[in-house]
Structure formats: C-alpha cells, structure tokens
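Coordinates from coords.txt are shown below (compact mmCIF, C-alpha atoms).
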```
# COMPACT_ATOMS: atom_id res chain seq x y z
CA MET A 1 23.47 83.27 50.04
CA ARG A 2 22.05 84.16 53.43
CA HIS A 3 22.20 80.39 54.50
CA VAL A 4 25.83 80.03 53.48
CA SER A 5 26.71 83.21 55.25
CA LYS A 6 25.06 82.09 58.50
CA ILE A 7 26.97 78.77 58.49
CA GLY A 8 30.15 80.59 57.75
CA ILE A 9 29.64 82.98 60.65
CA MET A 10 28.84 80.14 63.01
CA MET A 11 31.97 78.25 61.95
CA PHE A 12 34.05 81.36 62.43
CA VAL A 13 32.65 81.87 65.91
CA VAL A 14 33.29 78.25 66.88
CA ALA A 15 36.84 78.38 65.53
CA THR A 16 37.54 81.59 67.39
CA ALA A 17 36.18 80.10 70.59
CA ILE A 18 38.43 77.03 70.22
CA VAL A 19 41.50 79.13 69.59
CA ALA A 20 40.67 81.43 72.48
CA GLY A 21 40.02 78.44 74.70
CA CYS A 22 43.35 76.84 73.84
CA ALA A 23 45.18 80.03 74.44
CA ASN A 24 43.65 80.41 77.86
CA ALA A 25 43.94 76.69 79.01
CA PRO A 26 45.85 76.32 82.36
CA LEU A 27 49.47 75.05 82.30
CA ARG A 28 49.67 71.25 82.79
CA THR A 29 52.21 70.80 85.57
CA GLU A 30 51.18 67.32 86.72
CA SER A 31 54.17 65.61 85.27
CA SER A 32 56.79 67.92 86.74
CA THR A 33 54.95 68.14 90.06
CA ALA A 34 54.82 64.35 90.30
CA GLY A 35 58.53 64.18 89.55
CA ILE A 36 59.38 66.74 92.19
CA ARG A 37 57.20 64.99 94.79
CA ALA A 38 58.77 61.63 93.97
CA ALA A 39 62.24 63.11 94.40
CA GLU A 40 61.25 64.56 97.78
CA GLU A 41 59.79 61.25 98.91
CA VAL A 42 62.98 59.32 98.16
CA GLY A 43 64.96 61.83 100.23
CA ALA A 44 66.71 63.69 97.42
CA ALA A 45 66.93 66.75 99.65
CA LYS A 46 69.36 64.86 101.93
CA VAL A 47 71.76 63.83 99.15
CA PRO A 48 73.96 66.77 98.14
CA GLN A 49 74.05 66.23 94.37
CA ALA A 50 70.41 65.11 94.20
CA SER A 51 69.20 68.11 96.22
CA LEU A 52 70.82 70.44 93.69
CA TYR A 53 68.72 69.07 90.83
CA LEU A 54 65.61 68.96 92.99
CA GLN A 55 66.04 72.65 93.66
CA LEU A 56 66.56 73.36 89.96
CA ALA A 57 63.36 71.45 89.14
CA LYS A 58 61.36 73.51 91.60
CA GLU A 59 62.80 76.76 90.26
CA GLU A 60 62.13 75.77 86.69
CA GLN A 61 58.55 74.88 87.55
CA GLU A 62 58.09 78.31 89.06
CA LEU A 63 59.65 79.94 85.99
CA ALA A 64 57.24 77.96 83.82
CA LYS A 65 54.27 79.22 85.82
CA GLY A 66 55.58 82.75 85.43
CA LEU A 67 55.89 82.34 81.67
CA ALA A 68 52.39 80.90 81.50
CA ALA A 69 51.02 83.87 83.43
CA LYS A 70 52.57 86.14 80.81
CA GLY A 71 50.83 84.20 78.07
CA LYS A 72 53.98 82.38 76.91
CA LYS A 73 52.45 78.97 77.13
CA GLU A 74 54.75 77.15 74.74
CA GLU A 75 57.77 78.54 76.47
CA ALA A 76 56.30 77.57 79.77
CA GLU A 77 55.70 74.00 78.60
CA SER A 78 59.23 73.82 77.29
CA MET A 79 60.51 75.02 80.69
CA LEU A 80 58.45 72.30 82.37
CA LEU A 81 60.40 69.73 80.32
CA ARG A 82 63.54 71.00 82.06
CA ALA A 83 61.84 70.70 85.43
CA GLU A 84 60.80 67.12 84.68
CA ALA A 85 64.30 66.17 83.52
CA ASP A 86 65.91 67.68 86.63
CA ALA A 87 63.41 65.96 88.92
CA GLU A 88 64.14 62.58 87.24
CA LEU A 89 67.88 63.08 87.56
CA SER A 90 67.43 64.07 91.20
CA ILE A 91 65.58 60.78 91.87
CA VAL A 92 68.38 58.73 90.22
CA LEU A 93 71.17 60.55 92.08
CA SER A 94 69.43 60.09 95.44
CA HIS A 95 70.03 56.30 95.11
CA GLY A 96 73.52 56.58 93.70
CA ASP A 97 75.34 57.28 96.97
CA ALA A 98 73.62 54.38 98.71
CA GLU A 99 74.59 51.93 95.96
CA LYS A 100 78.19 53.09 96.03
CA SER A 101 78.35 52.90 99.82
CA GLU A 102 76.88 49.40 99.80
CA ALA A 103 79.34 48.27 97.14
CA ILE A 104 82.29 49.68 99.08
CA ALA A 105 81.03 48.08 102.28
CA ALA A 106 80.55 44.71 100.58
CA VAL A 107 84.07 44.76 99.11
CA GLU A 108 85.56 45.75 102.46
CA ARG A 109 83.64 42.96 104.18
CA VAL A 110 85.21 40.38 101.87
CA ARG A 111 88.69 41.86 102.38
CA GLN A 112 88.29 41.80 106.15
CA LEU A 113 87.12 38.20 106.05
CA ARG A 114 90.16 37.21 103.99
CA ARG A 115 92.50 39.10 106.36
CA ASP A 116 90.95 37.48 109.43
CA ASN A 117 91.40 34.02 107.95
CA GLN A 118 94.88 34.21 106.48
CA MET B 1 77.18 52.59 65.52
CA LYS B 2 75.10 55.14 67.40
CA LYS B 3 78.17 57.28 67.92
CA LEU B 4 78.83 57.25 64.19
CA LYS B 5 75.27 58.30 63.42
CA LEU B 6 75.47 61.09 65.91
CA PHE B 7 78.76 62.26 64.47
CA ILE B 8 77.25 62.36 61.03
CA LEU B 9 74.23 64.28 62.33
CA VAL B 10 76.40 66.79 64.15
CA SER B 11 78.51 67.18 61.03
CA ILE B 12 75.43 67.83 58.93
CA VAL B 13 74.18 70.31 61.47
CA ALA B 14 77.48 72.11 61.40
CA LEU B 15 77.49 72.10 57.65
CA PHE B 16 73.96 73.50 57.31
CA ALA B 17 74.24 75.84 60.21
CA GLY B 18 77.32 77.36 58.67
CA CYS B 19 80.38 78.69 60.44
CA ALA B 20 78.47 81.71 61.65
CA THR B 21 75.97 79.69 63.78
CA VAL B 22 77.46 78.48 67.06
CA ALA B 23 75.68 75.78 68.99
CA PRO B 24 74.21 77.01 72.25
CA ASN B 25 75.97 75.96 75.47
CA GLU B 26 73.13 73.62 76.33
CA LEU B 27 73.70 71.67 73.13
CA VAL B 28 77.47 71.61 73.56
CA ASN B 29 77.00 70.34 77.09
CA ALA B 30 74.45 67.77 75.92
CA ARG B 31 76.85 66.38 73.33
CA SER B 32 79.63 66.18 75.87
CA ALA B 33 77.38 64.54 78.40
CA TYR B 34 76.29 61.93 75.88
CA ARG B 35 79.89 61.15 74.92
CA HIS B 36 80.79 60.75 78.56
CA ALA B 37 77.81 58.47 79.20
CA SER B 38 78.42 56.26 76.18
CA ASP B 39 82.12 55.88 77.08
CA GLY B 40 81.19 54.60 80.53
CA PRO B 41 79.38 51.52 81.79
CA ALA B 42 75.95 52.78 80.61
CA GLU B 43 76.30 51.15 77.20
CA GLN B 44 76.74 47.69 78.76
CA ARG B 45 74.67 48.11 81.91
CA VAL B 46 71.71 50.34 80.96
CA PRO B 47 71.50 50.45 77.13
CA ALA B 48 67.81 51.47 77.17
CA GLU B 49 68.54 54.56 79.23
CA LEU B 50 71.43 55.46 76.97
CA HIS B 51 69.13 55.05 73.99
CA LYS B 52 66.66 57.51 75.54
CA ALA B 53 69.52 59.95 75.98
CA HIS B 54 70.46 59.45 72.36
CA GLU B 55 66.91 60.06 71.21
CA ALA B 56 66.73 63.25 73.26
CA LEU B 57 69.98 64.48 71.76
CA VAL B 58 68.77 63.75 68.24
CA LEU B 59 65.64 65.85 68.93
CA ALA B 60 67.81 68.65 70.18
CA GLU B 61 70.08 68.46 67.15
CA GLN B 62 67.12 68.48 64.83
CA SER B 63 65.67 71.50 66.60
CA PHE B 64 69.04 73.21 66.34
CA LEU B 65 68.94 72.65 62.58
CA LYS B 66 65.56 74.32 62.33
CA GLU B 67 65.84 76.96 65.02
CA PRO B 68 69.42 77.34 66.18
CA ASP B 69 68.82 80.07 68.74
CA SER B 70 65.36 79.18 69.98
CA TYR B 71 64.40 78.46 73.59
CA LYS B 72 63.00 75.15 72.32
CA THR B 73 66.42 74.07 71.04
CA LYS B 74 68.04 75.06 74.33
CA ASP B 75 65.43 73.35 76.42
CA LEU B 76 65.62 70.18 74.33
CA ALA B 77 69.41 70.26 74.61
CA TYR B 78 69.12 70.75 78.39
CA VAL B 79 66.80 67.77 78.62
CA ALA B 80 69.17 65.70 76.44
CA GLN B 81 72.04 66.58 78.78
CA ARG B 82 70.05 65.48 81.79
CA LYS B 83 69.05 62.23 80.08
CA SER B 84 72.73 61.49 79.35
CA GLU B 85 73.70 62.31 82.93
CA GLN B 86 70.91 60.06 84.12
CA ALA B 87 72.13 57.21 81.89
CA ALA B 88 75.69 57.70 83.16
CA ALA B 89 74.51 57.69 86.80
CA LEU B 90 72.38 54.58 86.25
CA GLY B 91 75.30 52.85 84.54
CA ALA B 92 77.58 53.64 87.48
CA MET B 93 74.93 52.40 89.92
CA ALA B 94 74.53 49.20 87.94
CA ASP B 95 78.31 48.79 88.08
CA ASP B 96 78.28 49.34 91.84
CA LYS B 97 75.48 46.83 92.22
CA ALA B 98 77.43 44.30 90.18
CA ILE B 99 80.47 44.89 92.38
CA LYS B 100 78.32 44.57 95.48
CA ASP B 101 76.70 41.37 94.20
CA LYS B 102 80.08 39.85 93.33
CA ALA B 103 81.51 40.87 96.68
CA ASN B 104 78.55 39.30 98.46
CA ALA B 105 78.96 36.12 96.41
CA ASP B 106 82.68 36.05 97.23
CA PHE B 107 81.85 36.60 100.90
CA GLN B 108 79.43 33.68 100.89
CA LYS B 109 81.93 31.49 99.11
CA LYS B 110 84.71 32.43 101.49
CA GLN B 111 82.49 31.85 104.50
CA THR B 112 81.53 28.45 103.17
CA GLU B 113 85.22 27.64 102.71
CA ILE B 114 85.97 28.81 106.22
CA VAL B 115 83.15 26.75 107.69
CA LYS B 116 84.27 23.74 105.70
CA GLN B 117 87.87 24.24 106.78
CA GLY B 118 86.70 24.74 110.33
CA LYS B 119 84.81 21.46 110.22
CA GLN B 120 87.85 19.73 108.75
CA ASP B 121 90.11 21.26 111.40
CA LEU B 122 87.68 20.13 114.07
CA SER B 123 87.58 16.66 112.64
CA ASP B 124 91.39 16.51 112.46
CA SER B 125 91.65 17.87 115.97
CA GLU B 126 89.20 15.28 117.27
CA LYS B 127 91.15 12.56 115.54
CA ARG B 128 94.41 13.82 117.02
CA THR B 129 92.77 13.98 120.43
CA ALA B 130 91.48 10.43 120.03
CA ASP B 131 94.94 9.25 118.90
CA ALA B 132 96.56 11.06 121.79
CA ARG B 133 94.11 9.47 124.19
CA ALA B 134 94.81 6.05 122.73
CA ASP B 135 98.57 6.64 123.06
CA ARG B 136 98.09 7.87 126.58
CA ASP B 137 96.02 4.81 127.48
CA LYS B 138 98.64 2.57 125.89
CA LEU B 139 101.40 4.25 127.86
CA ALA B 140 99.34 4.00 131.02
CA ALA B 141 98.85 0.28 130.41
CA VAL B 142 102.57 -0.18 129.77
CA LYS B 143 103.38 1.80 132.89
CA GLU B 144 100.88 -0.19 134.91
CA ALA B 145 102.39 -3.45 133.65
CA LYS B 146 105.88 -2.16 134.40
CA ASP B 147 104.87 -0.95 137.84
CA LYS B 148 103.32 -4.33 138.57
CA SER B 149 106.40 -6.08 137.26
CA ASP B 150 108.61 -3.83 139.36
CA ALA B 151 106.45 -4.45 142.40
CA ASP B 152 106.57 -8.21 141.80
CA PHE B 153 110.32 -8.01 141.34
CA GLN B 154 110.71 -5.98 144.51
CA LYS B 155 108.55 -8.46 146.37
CA GLN B 156 110.58 -11.32 144.98
CA GLN B 157 113.82 -9.60 145.90
CA THR B 158 112.54 -8.94 149.38
CA GLU B 159 111.53 -12.55 149.77
CA ILE B 160 114.90 -13.69 148.49
CA MET B 161 116.70 -11.33 150.88
CA GLN B 162 114.59 -12.51 153.75
CA GLN B 163 115.22 -16.11 152.80
CA ARG B 164 118.92 -15.48 152.53
CA LYS B 165 118.91 -13.75 155.87
CA GLN B 166 117.11 -16.69 157.35
CA ASP B 167 119.45 -19.10 155.61
CA LEU B 168 122.37 -17.16 157.00
CA ILE B 169 120.88 -17.20 160.45
CA ASP B 170 120.23 -20.92 160.12
CA SER B 171 123.69 -21.52 158.76
CA GLU B 172 125.27 -19.54 161.53
CA LYS B 173 123.21 -21.45 164.04
CA ARG B 174 124.22 -24.74 162.52
CA THR B 175 127.82 -23.62 162.48
CA ALA B 176 127.59 -22.53 166.07
CA ASP B 177 125.91 -25.82 166.97
CA ALA B 178 128.53 -27.76 165.00
CA LEU B 179 131.34 -25.86 166.73
CA ALA B 180 129.76 -26.44 170.08
CA GLU B 181 129.53 -30.15 169.32
CA LEU B 182 133.07 -30.27 168.05
CA ALA B 183 134.18 -28.49 171.19
CA MET B 184 132.57 -31.27 173.16
CA LEU B 185 134.36 -33.89 171.06
CA ALA B 186 137.79 -32.38 170.77
CA ALA B 187 139.96 -29.37 171.47
CA VAL B 188 138.97 -26.58 169.16
CA ARG B 189 140.87 -23.35 168.74
CA GLU B 190 140.92 -20.48 166.29
CA GLU B 191 144.19 -19.90 164.45
CA THR B 192 145.22 -17.84 161.44
CA ARG B 193 145.14 -20.95 159.23
CA GLY B 194 141.50 -21.64 160.27
CA LEU B 195 139.61 -23.45 162.96
CA VAL B 196 141.75 -26.29 164.27
CA VAL B 197 140.14 -29.42 165.73
CA THR B 198 142.77 -31.46 167.57
CA LEU B 199 142.23 -35.15 168.14
CA SER B 200 144.59 -36.99 170.42
CA GLY B 201 146.65 -39.65 168.67
CA SER B 202 146.18 -42.11 171.49
CA ILE B 203 142.39 -41.98 171.03
CA LEU B 204 142.64 -42.66 167.33
CA PHE B 205 145.52 -45.10 166.95
CA ARG B 206 147.51 -47.70 168.77
CA SER B 207 151.08 -46.81 169.34
CA ALA B 208 153.15 -46.76 166.11
CA GLU B 209 150.14 -47.83 164.08
CA SER B 210 148.05 -46.02 161.50
CA ASN B 211 144.86 -48.13 161.56
CA LEU B 212 141.99 -46.39 163.32
CA LEU B 213 140.77 -47.91 166.55
CA SER B 214 137.08 -48.86 166.71
CA SER B 215 136.52 -46.30 169.41
CA ALA B 216 138.18 -43.69 167.15
CA GLN B 217 135.66 -44.40 164.41
CA VAL B 218 132.82 -43.56 166.77
CA LYS B 219 134.45 -40.27 167.62
CA LEU B 220 135.29 -39.56 163.98
CA ASP B 221 131.63 -40.27 163.07
CA GLN B 222 130.58 -37.57 165.47
CA VAL B 223 133.23 -35.23 164.06
CA ALA B 224 132.08 -36.02 160.51
CA ASN B 225 128.40 -35.39 161.46
CA ALA B 226 129.33 -32.04 162.97
CA LEU B 227 131.34 -31.06 159.90
CA LEU B 228 128.62 -32.23 157.48
CA ALA B 229 125.97 -30.25 159.35
CA VAL B 230 127.46 -26.99 158.09
CA ARG B 231 128.37 -25.72 154.66
CA ALA B 232 131.20 -27.83 153.27
CA ARG B 233 134.53 -26.14 153.72
CA ASN B 234 138.02 -27.11 152.78
CA LEU B 235 139.67 -29.36 155.36
CA ILE B 236 143.28 -30.25 155.86
CA VAL B 237 144.04 -33.30 157.99
CA GLU B 238 147.53 -33.11 159.49
CA GLY B 239 149.23 -35.97 161.25
CA HIS B 240 151.79 -35.13 163.97
CA THR B 241 154.13 -37.30 166.05
CA ASP B 242 156.36 -36.82 168.98
CA SER B 243 160.10 -36.75 168.55
CA GLN B 244 160.70 -40.41 169.46
CA GLY B 245 162.06 -42.38 166.54
CA SER B 246 163.68 -41.06 163.39
CA GLU B 247 162.38 -38.12 161.52
CA SER B 248 161.69 -40.13 158.40
CA TYR B 249 159.84 -42.77 160.38
CA ASN B 250 157.77 -40.09 162.14
CA GLN B 251 157.12 -38.36 158.83
CA GLY B 252 155.83 -41.56 157.30
CA LEU B 253 153.73 -42.44 160.34
CA SER B 254 152.18 -38.97 160.44
CA GLU B 255 151.32 -39.20 156.76
CA ARG B 256 149.69 -42.61 157.10
CA ARG B 257 147.68 -41.48 160.10
CA ALA B 258 146.54 -38.28 158.32
CA ASN B 259 145.48 -40.35 155.30
CA ALA B 260 143.56 -42.78 157.53
CA VAL B 261 141.53 -40.00 159.09
CA ARG B 262 140.96 -38.36 155.73
CA ASP B 263 139.79 -41.56 154.12
CA TYR B 264 137.46 -42.23 156.98
CA LEU B 265 135.86 -38.80 156.73
CA VAL B 266 135.42 -39.22 152.99
CA GLN B 267 133.76 -42.57 153.62
CA ARG B 268 131.36 -40.81 156.00
CA GLY B 269 130.33 -38.51 153.14
CA TYR B 270 132.64 -35.55 153.28
CA PRO B 271 133.41 -34.38 149.71
CA SER B 272 136.77 -35.82 148.67
CA ASP B 273 137.71 -32.70 146.71
CA ARG B 274 137.37 -30.63 149.83
CA ILE B 275 139.67 -32.57 152.12
CA GLN B 276 143.42 -33.04 151.96
CA SER B 277 145.84 -34.83 154.21
CA ARG B 278 149.50 -34.40 154.97
CA GLY B 279 152.05 -35.61 157.45
CA LYS B 280 153.94 -33.11 159.51
CA GLY B 281 156.11 -35.63 161.34
CA GLU B 282 157.69 -34.33 164.54
CA GLY B 283 158.21 -30.88 163.07
CA SER B 284 155.29 -29.01 164.70
CA PRO B 285 155.21 -29.91 168.36
CA ILE B 286 152.74 -28.21 170.65
CA ALA B 287 154.30 -29.46 173.83
CA ASN B 288 157.71 -30.37 175.17
CA ASN B 289 158.83 -33.80 173.93
CA SER B 290 160.97 -34.29 177.04
CA SER B 291 158.01 -35.30 179.20
CA PRO B 292 155.52 -38.12 178.64
CA GLU B 293 152.61 -35.68 178.82
CA GLY B 294 154.27 -33.43 176.31
CA ARG B 295 154.95 -36.30 173.94
CA ALA B 296 151.36 -37.51 174.34
CA ASN B 297 150.10 -34.06 173.37
CA ASN B 298 152.40 -33.95 170.36
CA ARG B 299 151.06 -37.24 169.14
CA ARG B 300 147.93 -35.88 167.51
CA VAL B 301 145.84 -35.37 164.36
CA GLU B 302 144.67 -31.90 163.55
CA ILE B 303 141.71 -31.20 161.28
CA ILE B 304 142.02 -27.63 160.01
CA ILE B 305 138.75 -26.12 158.84
CA GLU B 306 139.74 -23.36 156.44
CA ARG B 307 137.75 -20.15 156.41
```
Give the structure from this file in structure tokens form.
Amino acid sequence: MRHVSKIGIMMFVVATAIVAGCANAPLRTESSTAGIRAAEEVGAAKVPQASLYLQLAKEEQELAKGLAAKGKKEEAESMLLRAEADAELSIVLSHGDAEKSEAIAAVERVRQLRRDNQ
Amino acid sequence: MKKLKLFILVSIVALFAGCATVAPNELVNARSAYRHASDGPAEQRVPAELHKAHEALVLAEQSFLKEPDSYKTKDLAYVAQRKSEQAAALGAMADDKAIKDKANADFQKKQTEIVKQGKQDLSDSEKRTADARADRDKLAAVKEAKDKSDADFQKQQTEIMQQRKQDLIDSEKRTADALAELAMLAAVREETRGLVVTLSGSILFRSAESNLLSSAQVKLDQVANALLAVRARNLIVEGHTDSQGSESYNQGLSERRANAVRDYLVQRGYPSDRIQSRGKGEGSPIANNSSPEGRANNRRVEIIIER
C-alpha cells in the first residue's frame, strides 16, 4: 500500500511538472519570423501591395506575442498562422509587379519591332 | 470536381450549422477568394498552389462545423483566404511569364526573319549592282566602239574632203593649163554659150574643101590633148563660111567641115557622146564679108566647150 502510494505520488508530480512545463514553454515564432525576414529581403516593403501584407504579418506577430504573454498560447499560435500566411503572400506579391512589367515590356518590344519593319 | 466537393461541404456546413449560425467574415472572404482563384489561371498554371488553398479552406470549413465562432475557425479561414490569394497571384504571374516567354520567342523569330530578309535584300541589291555595272560596262563598250567609228568616219571624211579639195585644185590647174595651151593654139574667148575656141578655116582646110590638111591635124592633136587633159565636157563643133557662094552650098560645106573636125577629135580619143557637130553656113559672121580679111575671119571652125 505504501509502495503503490509512493509511485502514484511520483507519477502525479511528474505529470504536473510536464503540464506546467508545457504551459510555460516560450512561443515558437521561428516560422513567422523567417517569413517576415524573407519578405523584407526580397524588397516587399518597396512594392505597395506586398508592403501591406508585410506590415500585417509584423502586427500579427506582435499580437501573438501579446497573447502568449497573457497565457493564451493556443490563441497566440493561431495568430502566428496568420502572420505566416501574410508574410508568404507578401513575398509572392513582391515579384508580381516585376513579372507583369517584364511581360508588358516584352510584348511592346515585339510590337515596336513589327512597326519598325513594316 | 474540387468545386463540386467544396460546394457539397459548404452545403453540409450550412445544413448542420442551421440558419441561426452565420459564417464569420473571414470564412466568407476565404470562400470568395478561393472561387476567384479557381476561376482564374491558377487552375491551369499553378494547380499545386490552388490545391493547398483548397486544403486550407477545407480545414477552415471543418473547424467552422465544430466551432463556428471560435478564433481558430477565423484564423484558419484567414489563412485559407491568403492561400487562395497567393494561388491567384502565382497563377497571374505564371500567365505573365508565359506571355513574356511567348513575346520573347516572337521577338527572336521576327528578328531572325528580319536578318534573313536583310541578307536577301543585300544579296538582291548586290546582284542588281552587278547587273547595273555589267550594263554600264556594255554601254561604255558600245559607246567606245561608236566613238571610234565616228572618229574613223570623221577622219575618212576629212581625208576625202582634202582629197577632193586637192583634186579640185589639180583639176583647176589642169583646166587653167589647158586653157593657157589652147590660148596659145587658137583664139579663145568666153561667151554665154561656153568657152569658144576658134580655129581659122584656112589653117584647117583648103579652099572649098572639107578634108583636113596635114598641118591642121597637128594643130588639132594639140587641141585634142589640151581638151583631154581636163574633165570631159560637152563640145559642139560649128563650121562657118563666108558669104561667097550660095547659102545652101555654104551650109553644106560648113557641115562637112564641122563633121571632119569632130571625127578627128573622136579619133584622138575624145568621147563621141560628148561631142556634136553642126554647120552654121554663112549665117553667123564675125567680120564683114565685104573685105578679104573679113571673109577670111568668117571662114572658121568654132569648138564650143560647154560649161
């Protein structure tokens, strides 16, 4: 009886420690941070539409940190998903203008060549 | 197919959620964004990205079924919207790239055509230039030949003119010499009918006769030589008498004497078709028949050299 009780107590203590540890683990922002940095490196801040989503990503990351500080870890992690998604969209949109401009320029180049040689 | 599945899912969600549960704005926006993306070029150009968007939307819908108003549902819907927008943007970029690639290919093709045409034009131009040069050289050769021919002709003409001038000079000299000689042999005077060489009848014939004296032949030889030295001209030999005797007798005598002189000159080589003879009888006296001197002068033969 005493043996079983000791094991039980030990297991309870370990379980409590695990739960407490999980509750107090720091917020994992690597993914969103990497996305935001990547967006900055490709010059998203200079492309109007891309800079909007970059800004949103940063704000959402800050909101997530705030939620984590209040103990709302799951909410914080969910907010980080938003930040990641916005950072990814910002990266895509930062290339979009360039592709469009290049396409327009290429089409115009062909038209000009045809006009010059009519 | 995916659209159909999504429609069914949304319908089920609506059914289970009941009329009282309204989808959050994030989910409404996510659905709209997905529809927009799948209607655009994303389905053809970036199907994997569109699939990710679809998966995200399904998660959001499933969360909505369980927890319609939760932050998790809203966040998942927000993420799904972004994924759809990302797919749409990537589809548009892929479209732009395809347009750019096609335009570049067209540019290359057109440039190649232009270069090819340029080479052809150059080749044609060089050929035309070569042909033009050949034509020009041909023309130059023709012109050169013509110029040479013209020059030769001019030279020939000049030579001919000079020769003719010289011939004329020579002829005039011969004529002058012949006239001078004739003047030494007989009386020579210029009249409207031509140059008249008068030979005295007494030198040529015995009285009342029409046979030439030997001495007359010598003189007539000299006259013939002088006449033959120049260009042959038409001659008329006229016999004249004085008024002694009858007219008919004188006419006959003058004719016979004219014929004798003509025949002699023809014998000496004067062309027969260029010499005529006629008798004038006593009808053209040049002196008075009342004196012996006058009658002697009237008894004559005239050789008229026509102009």
Residue nearest chain A among B:Ala33, B:Ile114, B:Leu65, B:Ile305 (counting only C-alpha atoms): B:Ile114
What's around Ala56 (chain B) at 9 Å? Count only C-alpha atoms, leave out sequence neighbours fewer than 6 positions away in its own chain, and write the answer as a PyMOL selection string. chain B and resi 76-77+79-81+83-84
Residue neighbourhood region 40-47 of chain B, 12 Å, all atoms listed in the file, exclusion window fewer than 2 positions, as a count of residues only: 31
Would you pick out the contacts of Lys72 (chain B) at 9 Å or less, using only C-alpha atoms, so that residues sharing its chain but fewer than 3 positions from it are not included, and give the list as a PyMOL selection string? (chain A and resi 74-75+78-79) or (chain B and resi 60+63-64+67+69+75-77)
Find the axis-aligned box for region 117-123 of chain B, covering all its listed atoms and adding 5 Å on each side, and write its centre and edge lengths in Å to one decimal as AutoDock Vina command-line options.
```
--center_x 87.5 --center_y 20.7 --center_z 110.4 --size_x 15.3 --size_y 18.1 --size_z 17.3
```
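Note that the spacing between CA of Ala50 (chain A) and CA of Ser94 (chain A) amounts to 5.3 Å.
CA of Ile286 (chain B) sits 26.2 Å away from CA of Ala176 (chain B).
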To one decimal place, how far is CA of Thr192 (chain B) from CA of Ser284 (chain B) in Å?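 It comes out at 15.4 Å.
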With a cut-off of 9 Å and counting all atoms listed in the file, select all residues of chain A in contact with chain B and give the selection as number ranges by chain. A: 74-75, 78-79, 81-86, 88-90, 92-93, 95-97, 99-111, 113-114, 117
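Of the listed residues B:Leu199, B:Leu9, B:Ala232, B:Leu212, the one whose atoms come nearest to Leu185 (chain B) is B:Leu199, with distances taken using all atoms listed in the file.
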Anything within 7 Å of (145.4, -34.2, 156.4): list those residues as a list in words, counting only C-alpha atoms and sticking to the file's coordinates.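 Residues lying no farther than 7 Å from the given point: Ile236, Val237, Glu238, Gly239, Ala258, Asn259, Arg262, Gln276, Ser277, Arg278, Gly279 and Ile303 of chain B.
If all atoms listed in the file are the atoms counted, then among B:Arg299, B:Arg193, B:Asn211, B:Ala229 the closest residue to Ser243 (chain B) is B:Arg299.
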